[in-house]
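Undergrad: One structure coming up, written as structure tokens, with questions to follow.
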Amino acid sequence: MLTLRGLLADRRGVAAWEFIIITAFLLVLPLLPIADVGVAALRYMQVRQAMRDLGALVQYNQPPDLTNVNTWTLPTTTVGTFSVAINTVFPTSENLINITVSCGTPINGAAAGPACTPADLTDTSTPKYVWMGAVVKLNPIVIKTLTGANIGYTERLQWPLTR
């Protein structure tokens with residue numbers, strides 16, 4: 001008959017149990033940070049693609065007067081899960097894309113450039129572009145430094161649009 005002392009003295013199968021515990025620990029430990037990076041990458045791609053879609057839409061539905069923001073109407077108020085608003089700065093909340101039209105040379109990753117003037121519209125050497133800004137916020141499981149950032153995106157605008 002097996003007794004407690006006999007079970008404790010029996011060392012058969014200990015390596016198998018150690019292997020199961022160590023393997024589970026070693027599999028879970030690297031997968032959680034990889035999941036954080038994967039979620040961050042997917043979120044950035046989602047925001048970037050929404051901005052690209054919005055930029056393509058604005059290419060063919062341009063504002064009537066680039067110099068006066070008050071005359072603009074957006075061709076859509078949502079792109080995917082994002083709301084769209086006319087503004088020249090990065091939004092403060094998630095799931096919002098701010099959009100405006102600027103003239104001059106865009107600064108990569110920065111807020112919108114200077115607004116267009118009537119002289120810019122007639123000058124074909126002045127680039128006109130659509131600027132979009134969004135905020136990505138992340139809630140990581142392990143890598144707490146992955147909190148998100150502002151994303152700026154510009155797309156060249158053909159002005160005037162010829163069809």
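In the structure tokens, chains take the letters A, B, ... in the order shown, each chain's residues start at 1, and ligands count up from 1 in the order shown.
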Excluding Ala115 (chain A) and any residue of its chain fewer than 6 positions from it, enumerate the residues within 9 Å of it, using only C-alpha atoms, and give them as a list in words.
TA: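 My reading of the contact set: Leu66, Thr67, Asn68, Thr100, Val101, Ser102, Cys103 and Gly104 of chain A.
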Undergrad: Considering only C-alpha atoms, return as JSON, numbers by chain whatever protein or nucleic-acid residues lie within 8 Å of region 51-54 of chain A, sequence-local ones (same chain, fewer than 3 positions apart) excluded.
TA: {"A": [47, 48, 57, 58, 79, 97, 132, 153]}
Undergrad: May I have the residues from that selection written out with all heavy atoms, as an mmCIF file, in the first residue's frame?
TA:
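So the final result, stored in selection33.cif, reads:
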```cif
data_model
loop_
_atom_site.group_PDB
_atom_site.id
_atom_site.type_symbol
_atom_site.label_atom_id
_atom_site.label_comp_id
_atom_site.auth_asym_id
_atom_site.auth_seq_id
_atom_site.Cartn_x
_atom_site.Cartn_y
_atom_site.Cartn_z
ATOM 1 N N VAL A 47 -5.266 53.106 -38.450
ATOM 2 C CA VAL A 47 -5.351 54.566 -38.512
ATOM 3 C C VAL A 47 -4.773 55.074 -39.836
ATOM 4 O O VAL A 47 -5.363 55.921 -40.502
ATOM 5 C CB VAL A 47 -4.615 55.201 -37.310
ATOM 6 C CG1 VAL A 47 -4.497 56.703 -37.467
ATOM 7 C CG2 VAL A 47 -5.330 54.861 -36.021
ATOM 8 N N ARG A 48 -3.632 54.557 -40.214
ATOM 9 C CA ARG A 48 -2.981 54.991 -41.457
ATOM 10 C C ARG A 48 -3.858 54.703 -42.676
ATOM 11 O O ARG A 48 -3.974 55.524 -43.575
ATOM 12 C CB ARG A 48 -1.637 54.278 -41.567
ATOM 13 C CG ARG A 48 -0.801 54.729 -42.688
ATOM 14 C CD ARG A 48 0.100 55.789 -42.213
ATOM 15 N NE ARG A 48 1.119 56.014 -43.219
ATOM 16 C CZ ARG A 48 1.862 57.049 -43.238
ATOM 17 N NH1 ARG A 48 1.739 57.939 -42.297
ATOM 18 N NH2 ARG A 48 2.732 57.225 -44.171
ATOM 19 N N LEU A 57 -10.540 60.134 -50.920
ATOM 20 C CA LEU A 57 -11.882 60.692 -51.054
ATOM 21 C C LEU A 57 -11.838 62.203 -51.270
ATOM 22 O O LEU A 57 -12.569 62.746 -52.102
ATOM 23 C CB LEU A 57 -12.699 60.347 -49.806
ATOM 24 C CG LEU A 57 -14.160 60.747 -49.807
ATOM 25 C CD1 LEU A 57 -14.911 60.003 -50.892
ATOM 26 C CD2 LEU A 57 -14.783 60.451 -48.453
ATOM 27 N N VAL A 58 -10.954 62.871 -50.539
ATOM 28 C CA VAL A 58 -10.848 64.330 -50.664
ATOM 29 C C VAL A 58 -10.268 64.722 -52.032
ATOM 30 O O VAL A 58 -10.587 65.781 -52.555
ATOM 31 C CB VAL A 58 -10.001 64.900 -49.505
ATOM 32 C CG1 VAL A 58 -9.675 66.359 -49.718
ATOM 33 C CG2 VAL A 58 -10.754 64.731 -48.198
ATOM 34 N N VAL A 79 -14.972 57.635 -41.431
ATOM 35 C CA VAL A 79 -14.195 56.727 -42.273
ATOM 36 C C VAL A 79 -13.903 55.510 -41.400
ATOM 37 O O VAL A 79 -13.154 55.605 -40.436
ATOM 38 C CB VAL A 79 -12.880 57.367 -42.755
ATOM 39 C CG1 VAL A 79 -12.035 56.355 -43.496
ATOM 40 C CG2 VAL A 79 -13.157 58.571 -43.627
ATOM 41 N N ILE A 97 -10.164 61.873 -36.679
ATOM 42 C CA ILE A 97 -9.164 62.326 -37.644
ATOM 43 C C ILE A 97 -9.469 63.776 -37.968
ATOM 44 O O ILE A 97 -10.586 64.100 -38.384
ATOM 45 C CB ILE A 97 -9.186 61.479 -38.929
ATOM 46 C CG1 ILE A 97 -8.815 60.034 -38.632
ATOM 47 C CG2 ILE A 97 -8.235 62.066 -39.970
ATOM 48 C CD1 ILE A 97 -8.930 59.110 -39.824
ATOM 49 N N MET A 132 -3.732 65.393 -42.492
ATOM 50 C CA MET A 132 -4.619 64.690 -41.566
ATOM 51 C C MET A 132 -3.837 64.331 -40.316
ATOM 52 O O MET A 132 -2.658 64.000 -40.390
ATOM 53 C CB MET A 132 -5.161 63.423 -42.216
ATOM 54 C CG MET A 132 -6.154 63.710 -43.323
ATOM 55 S SD MET A 132 -6.447 62.304 -44.355
ATOM 56 C CE MET A 132 -5.175 62.509 -45.569
ATOM 57 N N TYR A 153 -0.260 62.687 -41.457
ATOM 58 C CA TYR A 153 -0.240 62.097 -42.796
ATOM 59 C C TYR A 153 -0.578 63.194 -43.795
ATOM 60 O O TYR A 153 -1.514 63.966 -43.577
ATOM 61 C CB TYR A 153 -1.263 60.961 -42.876
ATOM 62 C CG TYR A 153 -1.340 60.286 -44.216
ATOM 63 C CD1 TYR A 153 -0.351 59.401 -44.605
ATOM 64 C CD2 TYR A 153 -2.384 60.528 -45.084
ATOM 65 C CE1 TYR A 153 -0.414 58.770 -45.835
ATOM 66 C CE2 TYR A 153 -2.462 59.906 -46.308
ATOM 67 C CZ TYR A 153 -1.474 59.019 -46.680
ATOM 68 O OH TYR A 153 -1.537 58.400 -47.909
#
```
Undergrad: Write out as a ChimeraX atom specification each polymer residue whose atoms come within 12 Å of region 138-150 of chain A, counting only C-alpha atoms; drop sequence neighbours fewer than 2 positions from it.
TA: /A:28-44,47-48,89-98,108-111,132-136,152-153
Undergrad: Let's see if you can do this: from backbone DSSP, list all strand (DSSP E) residues in region 32-119 of chain A, as a list in words.
TA: Thr78, Val79, Phe82, Ser83, Val84, Ala85, Ile86, Leu96, Ile97, Asn98, Ile99, Thr100, Val101, Ser102 and Cys103 of chain A
Undergrad: How about saving the chosen residues, N, CA, C and O atoms kept, as a PDB file, in the first residue's frame?
TA:
```pdb
ATOM      1  N   THR A  78     -17.519  60.124 -41.366  1.00  0.00           N
ATOM      2  CA  THR A  78     -16.855  58.966 -40.778  1.00  0.00           C
ATOM      3  C   THR A  78     -16.083  58.214 -41.854  1.00  0.00           C
ATOM      4  O   THR A  78     -16.486  58.168 -43.012  1.00  0.00           O
ATOM      5  N   VAL A  79     -14.972  57.635 -41.431  1.00  0.00           N
ATOM      6  CA  VAL A  79     -14.195  56.727 -42.273  1.00  0.00           C
ATOM      7  C   VAL A  79     -13.903  55.510 -41.400  1.00  0.00           C
ATOM      8  O   VAL A  79     -13.154  55.605 -40.436  1.00  0.00           O
ATOM      9  N   PHE A  82     -13.698  55.850 -37.520  1.00  0.00           N
ATOM     10  CA  PHE A  82     -13.169  57.167 -37.155  1.00  0.00           C
ATOM     11  C   PHE A  82     -14.132  58.268 -37.555  1.00  0.00           C
ATOM     12  O   PHE A  82     -14.716  58.242 -38.626  1.00  0.00           O
ATOM     13  N   SER A  83     -14.264  59.268 -36.684  1.00  0.00           N
ATOM     14  CA  SER A  83     -15.004  60.482 -37.014  1.00  0.00           C
ATOM     15  C   SER A  83     -14.038  61.454 -37.677  1.00  0.00           C
ATOM     16  O   SER A  83     -12.841  61.450 -37.391  1.00  0.00           O
ATOM     17  N   VAL A  84     -14.553  62.316 -38.540  1.00  0.00           N
ATOM     18  CA  VAL A  84     -13.718  63.258 -39.286  1.00  0.00           C
ATOM     19  C   VAL A  84     -14.152  64.677 -38.952  1.00  0.00           C
ATOM     20  O   VAL A  84     -15.346  64.974 -38.912  1.00  0.00           O
ATOM     21  N   ALA A  85     -13.179  65.553 -38.691  1.00  0.00           N
ATOM     22  CA  ALA A  85     -13.461  66.954 -38.383  1.00  0.00           C
ATOM     23  C   ALA A  85     -12.429  67.830 -39.085  1.00  0.00           C
ATOM     24  O   ALA A  85     -11.311  67.403 -39.362  1.00  0.00           O
ATOM     25  N   ILE A  86     -12.809  69.069 -39.379  1.00  0.00           N
ATOM     26  CA  ILE A  86     -11.887  70.028 -39.989  1.00  0.00           C
ATOM     27  C   ILE A  86     -11.150  70.749 -38.863  1.00  0.00           C
ATOM     28  O   ILE A  86     -11.768  71.404 -38.033  1.00  0.00           O
ATOM     29  N   LEU A  96     -10.654  59.883 -33.868  1.00  0.00           N
ATOM     30  CA  LEU A  96     -10.982  61.135 -34.541  1.00  0.00           C
ATOM     31  C   LEU A  96      -9.831  61.487 -35.468  1.00  0.00           C
ATOM     32  O   LEU A  96      -8.661  61.387 -35.093  1.00  0.00           O
ATOM     33  N   ILE A  97     -10.164  61.873 -36.679  1.00  0.00           N
ATOM     34  CA  ILE A  97      -9.164  62.326 -37.644  1.00  0.00           C
ATOM     35  C   ILE A  97      -9.469  63.776 -37.968  1.00  0.00           C
ATOM     36  O   ILE A  97     -10.586  64.100 -38.384  1.00  0.00           O
ATOM     37  N   ASN A  98      -8.499  64.656 -37.746  1.00  0.00           N
ATOM     38  CA  ASN A  98      -8.635  66.054 -38.140  1.00  0.00           C
ATOM     39  C   ASN A  98      -8.031  66.217 -39.524  1.00  0.00           C
ATOM     40  O   ASN A  98      -6.998  65.631 -39.829  1.00  0.00           O
ATOM     41  N   ILE A  99      -8.665  67.038 -40.344  1.00  0.00           N
ATOM     42  CA  ILE A  99      -8.223  67.212 -41.720  1.00  0.00           C
ATOM     43  C   ILE A  99      -8.267  68.684 -42.091  1.00  0.00           C
ATOM     44  O   ILE A  99      -9.128  69.424 -41.617  1.00  0.00           O
ATOM     45  N   THR A 100      -7.320  69.111 -42.906  1.00  0.00           N
ATOM     46  CA  THR A 100      -7.320  70.461 -43.453  1.00  0.00           C
ATOM     47  C   THR A 100      -6.496  70.460 -44.735  1.00  0.00           C
ATOM     48  O   THR A 100      -5.782  69.507 -45.028  1.00  0.00           O
ATOM     49  N   VAL A 101      -6.592  71.534 -45.487  1.00  0.00           N
ATOM     50  CA  VAL A 101      -5.779  71.703 -46.695  1.00  0.00           C
ATOM     51  C   VAL A 101      -4.771  72.806 -46.413  1.00  0.00           C
ATOM     52  O   VAL A 101      -5.114  73.856 -45.882  1.00  0.00           O
ATOM     53  N   SER A 102      -3.515  72.549 -46.752  1.00  0.00           N
ATOM     54  CA  SER A 102      -2.440  73.521 -46.519  1.00  0.00           C
ATOM     55  C   SER A 102      -1.664  73.734 -47.797  1.00  0.00           C
ATOM     56  O   SER A 102      -1.718  72.928 -48.729  1.00  0.00           O
ATOM     57  N   CYS A 103      -0.917  74.827 -47.827  1.00  0.00           N
ATOM     58  CA  CYS A 103      -0.070  75.132 -48.970  1.00  0.00           C
ATOM     59  C   CYS A 103       1.378  75.254 -48.498  1.00  0.00           C
ATOM     60  O   CYS A 103       1.632  75.611 -47.353  1.00  0.00           O
TER      61      CYS A 103
END
```
Undergrad: Have a look at CA of Thr154 (chain A) and CA of Pro127 (chain A) and let me know their distance in Å, one decimal.
TA: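 CA of Pro127 (chain A) lies at a distance of 11.4 Å from CA of Thr154 (chain A).
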Undergrad: Give the helix (DSSP H, G or I) residues of region 3-160 of chain A, as DSSP finds them on the backbone, and put them as a ChimeraX atom specification.
TA: /A:4-9,14-60,69-71,118-122
Undergrad: Excluding Gly55 (chain A) and any residue of its chain fewer than 5 positions from it, enumerate the residues within 9 Å of it, using only C-alpha atoms, and give them as a list in words.
TA: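 After dropping sequence-adjacent residues, the list is Ala50, Val130, Trp131, Met132, Thr154, Glu155, Arg156 and Leu157 of chain A.
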Undergrad: Can you tell me which residues surround Thr105 (chain A) at a distance of at most 9 Å, considering only C-alpha atoms, apart from same-chain residues fewer than 5 positions away, and format the answer as number ranges by chain?
TA: A: 113, 126-129
